[in-house]
Amino acid sequence: MARGSRHRLLLLLLRYLVVALGYHKAYGFSAPKDHKVVTAIEYQEVILACKYPKKTIAFRLEWKKLGPSVSFVYYQQALQGDFKDRAELIDFSIRIKNVTRNDAGKYRCEISAPSEQGQNLEEDTVTLEVLVAPAVPSCEVPNSALSGTVVELRCQEKEGNPAPEYTWFKDGVRLFGNLKFGSQNTNSSYTMNTKSGTLKFNTVSKLDSGEYSCEARNSVGHRRCPGKRMQVDDLNISGIIAAVVIVALVISICGFGVCYAQKKGYFSIENSQDDMQKKRPSRRVVLHLKILRVKMISSTQNPL
């Protein structure tokens, strides 16, 4: 009984072994390689390498760009899409002649070839990172400001890769801060943040008047926005006092006029009704006019 159970168990193990060997013989094995990262500057060329020991007669090569939707770069022995005009195949690698920021992403080459163990499949994954120079930054500089107030200038750029750092210039001269504060460079009159691109005056003065421009810079290039002038003026205290006095005088005169009119009764309802009654003709006058009119009509009808 025990021998029969052992015999059936050995047969079952042998059957699984035969199936596994058959699967290996038919499909081979997959051997993924280490992941690589390649960087390239926009509008220059780059090679996406896919290394394989040797070419065989019956090998099959495919290049794919991975993402939410997988797209073919090289399929059925031909480059696909816009890679036809700006790329070429070198052995198993692809050379892109004119890299754009849209090419950034993860790529995978797949090579299948027959071997003694069956169909051998190898994969190689490459991540392409495209470096982009900054565009002209957008600069926000107020035209005017009052002395002693808080003023903040802003500079921003969204296309550069890696993210750029910002530098402000006044009248063409670079503004420096205390380097020991790192990116938060400060001095007695302003605070400059090279990461966010802000230039903040806690108490702006007339000495800060001038033309300001901002430069965005990364490892690829730099661009600067056109200069904009900021005029700082002192607060005109005497003018404000004079305006307040004039407004107070006007309000006082208007109030005095209203009080005088009320005392004289110009706004009284009874006086207005009396005036209306005075303007209306009395009943006696109206009756007299009617009698006079009747007499005149009768005299015209019965002449002497």
# chains A, B, ... in the order shown; residues from 1 in each chain; ligands from 1
call {"tool": "closest_atom_pairs", "arguments": {"of": "range 98-210 of chain A", "to": "range 65-89 of chain A", "cutoff": "8 Å", "atoms": "only C-alpha atoms", "output": "JSON lines"}}
result
{"residue": "A:Asn98", "atom": "CA", "partner": "A:Arg86", "partner_atom": "CA", "distance": 6.2}
{"residue": "A:Gly105", "atom": "CA", "partner": "A:Lys65", "partner_atom": "CA", "distance": 7.2}
{"residue": "A:Lys106", "atom": "CA", "partner": "A:Leu66", "partner_atom": "CA", "distance": 5.5}
{"residue": "A:Tyr107", "atom": "CA", "partner": "A:Lys65", "partner_atom": "CA", "distance": 4.5}
{"residue": "A:Arg108", "atom": "CA", "partner": "A:Lys65", "partner_atom": "CA", "distance": 6.5}
call {"tool": "select_by_dssp", "arguments": {"residues": "range 35-211 of chain A", "states": "strand (DSSP E)", "output": "mmCIF file with C-alpha atoms, in the first residue's frame"}}
result
data_model
loop_
_atom_site.group_PDB
_atom_site.id
_atom_site.type_symbol
_atom_site.label_atom_id
_atom_site.label_comp_id
_atom_site.auth_asym_id
_atom_site.auth_seq_id
_atom_site.Cartn_x
_atom_site.Cartn_y
_atom_site.Cartn_z
ATOM 1 C CA LYS A 36 19.786 52.756 -16.806
ATOM 2 C CA VAL A 37 19.172 56.519 -16.883
ATOM 3 C CA VAL A 38 20.358 58.579 -19.853
ATOM 4 C CA THR A 39 20.312 62.392 -19.921
ATOM 5 C CA ALA A 40 20.309 64.550 -23.027
ATOM 6 C CA ILE A 41 19.983 68.256 -23.791
ATOM 7 C CA VAL A 46 21.219 60.721 -27.682
ATOM 8 C CA ILE A 47 21.700 56.947 -27.949
ATOM 9 C CA LEU A 48 19.361 54.545 -26.166
ATOM 10 C CA ARG A 60 13.430 39.621 -33.200
ATOM 11 C CA LEU A 61 13.917 43.178 -31.858
ATOM 12 C CA GLU A 62 11.288 45.563 -30.524
ATOM 13 C CA TRP A 63 11.600 48.970 -28.864
ATOM 14 C CA LYS A 64 8.687 50.337 -26.816
ATOM 15 C CA LYS A 65 8.026 53.558 -24.928
ATOM 16 C CA LEU A 66 6.335 52.745 -21.655
ATOM 17 C CA SER A 71 3.719 52.810 -27.982
ATOM 18 C CA PHE A 72 6.113 51.179 -30.442
ATOM 19 C CA VAL A 73 9.355 52.911 -31.344
ATOM 20 C CA TYR A 74 10.832 50.058 -33.403
ATOM 21 C CA TYR A 75 8.566 47.257 -34.615
ATOM 22 C CA ALA A 78 11.135 49.582 -38.929
ATOM 23 C CA LEU A 79 11.092 52.764 -36.830
ATOM 24 C CA ALA A 87 16.250 58.364 -35.501
ATOM 25 C CA GLU A 88 18.242 55.389 -36.732
ATOM 26 C CA LEU A 89 18.991 51.859 -35.521
ATOM 27 C CA ILE A 90 22.590 51.026 -34.623
ATOM 28 C CA SER A 93 20.448 50.581 -29.991
ATOM 29 C CA ILE A 94 18.506 53.627 -31.208
ATOM 30 C CA ARG A 95 20.144 56.966 -31.966
ATOM 31 C CA ILE A 96 17.758 59.931 -31.753
ATOM 32 C CA GLY A 105 10.237 58.769 -20.444
ATOM 33 C CA LYS A 106 10.981 55.087 -19.955
ATOM 34 C CA TYR A 107 11.940 52.849 -22.922
ATOM 35 C CA ARG A 108 12.342 49.087 -23.159
ATOM 36 C CA CYS A 109 14.028 46.956 -25.788
ATOM 37 C CA GLU A 110 12.997 43.334 -26.146
ATOM 38 C CA ILE A 111 15.164 40.774 -27.971
ATOM 39 C CA SER A 112 14.033 37.230 -28.614
ATOM 40 C CA ALA A 113 16.233 34.661 -30.292
ATOM 41 C CA PRO A 114 16.396 30.850 -30.485
ATOM 42 C CA SER A 115 18.845 29.059 -28.226
ATOM 43 C CA GLY A 118 14.422 27.193 -26.525
ATOM 44 C CA GLN A 119 13.302 30.755 -27.327
ATOM 45 C CA ASN A 120 15.429 33.175 -25.328
ATOM 46 C CA LEU A 121 13.898 36.570 -24.374
ATOM 47 C CA GLU A 122 15.966 39.436 -22.978
ATOM 48 C CA GLU A 123 14.835 42.927 -21.918
ATOM 49 C CA ASP A 124 16.697 46.157 -21.298
ATOM 50 C CA THR A 125 15.062 49.270 -19.809
ATOM 51 C CA VAL A 126 16.346 52.826 -20.274
ATOM 52 C CA THR A 127 14.962 56.063 -18.821
ATOM 53 C CA LEU A 128 15.543 59.156 -20.934
ATOM 54 C CA GLU A 129 15.702 62.478 -19.094
ATOM 55 C CA VAL A 130 15.682 65.572 -21.313
ATOM 56 C CA LEU A 131 17.310 68.746 -19.986
ATOM 57 C CA SER A 138 7.549 86.245 -16.154
ATOM 58 C CA CYS A 139 8.414 89.219 -13.922
ATOM 59 C CA GLU A 140 6.009 91.183 -11.724
ATOM 60 C CA SER A 144 5.099 102.729 -8.050
ATOM 61 C CA ALA A 145 5.303 102.223 -4.293
ATOM 62 C CA LEU A 146 5.143 104.339 -1.119
ATOM 63 C CA VAL A 151 6.836 95.513 -1.621
ATOM 64 C CA GLU A 152 7.366 92.089 -3.223
ATOM 65 C CA LEU A 153 8.690 91.461 -6.745
ATOM 66 C CA ARG A 154 7.990 88.053 -8.331
ATOM 67 C CA CYS A 155 9.787 86.029 -11.007
ATOM 68 C CA GLN A 156 8.647 82.657 -12.375
ATOM 69 C CA GLU A 165 17.313 79.373 -9.816
ATOM 70 C CA TYR A 166 16.533 83.092 -9.958
ATOM 71 C CA THR A 167 18.681 86.202 -9.674
ATOM 72 C CA TRP A 168 17.460 89.814 -9.554
ATOM 73 C CA PHE A 169 19.207 92.809 -11.118
ATOM 74 C CA LYS A 170 18.765 96.525 -10.372
ATOM 75 C CA VAL A 173 23.706 95.264 -11.513
ATOM 76 C CA ARG A 174 23.230 91.897 -9.837
ATOM 77 C CA GLN A 184 17.439 82.799 1.491
ATOM 78 C CA ASN A 185 19.860 85.652 0.791
ATOM 79 C CA THR A 186 19.176 88.704 2.983
ATOM 80 C CA THR A 191 15.146 89.447 1.073
ATOM 81 C CA MET A 192 15.838 87.420 -2.088
ATOM 82 C CA ASN A 193 14.734 83.784 -2.481
ATOM 83 C CA THR A 198 10.763 86.553 -4.938
ATOM 84 C CA LEU A 199 12.486 89.813 -4.022
ATOM 85 C CA LYS A 200 10.859 91.322 -0.920
ATOM 86 C CA PHE A 201 11.431 94.813 0.521
ATOM 87 C CA GLY A 210 15.201 101.804 -10.340
ATOM 88 C CA GLU A 211 14.833 99.309 -13.184
#
call {"tool": "closest_residue", "arguments": {"among": "A:Asp233, A:Glu42, A:Glu215, A:Asp91", "to": "Glu157 in chain A", "atoms": "only C-alpha atoms"}}
result
A:Glu215
call {"tool": "atom_distance", "arguments": {"atom1": "CA of Gly160 in chain A", "atom2": "CA of Tyr43 in chain A"}}
result
13.8 Å
call {"tool": "atom_distance", "arguments": {"atom1": "CA of Gln231 in chain A", "atom2": "CA of Pro137 in chain A"}}
result
21.8 Å
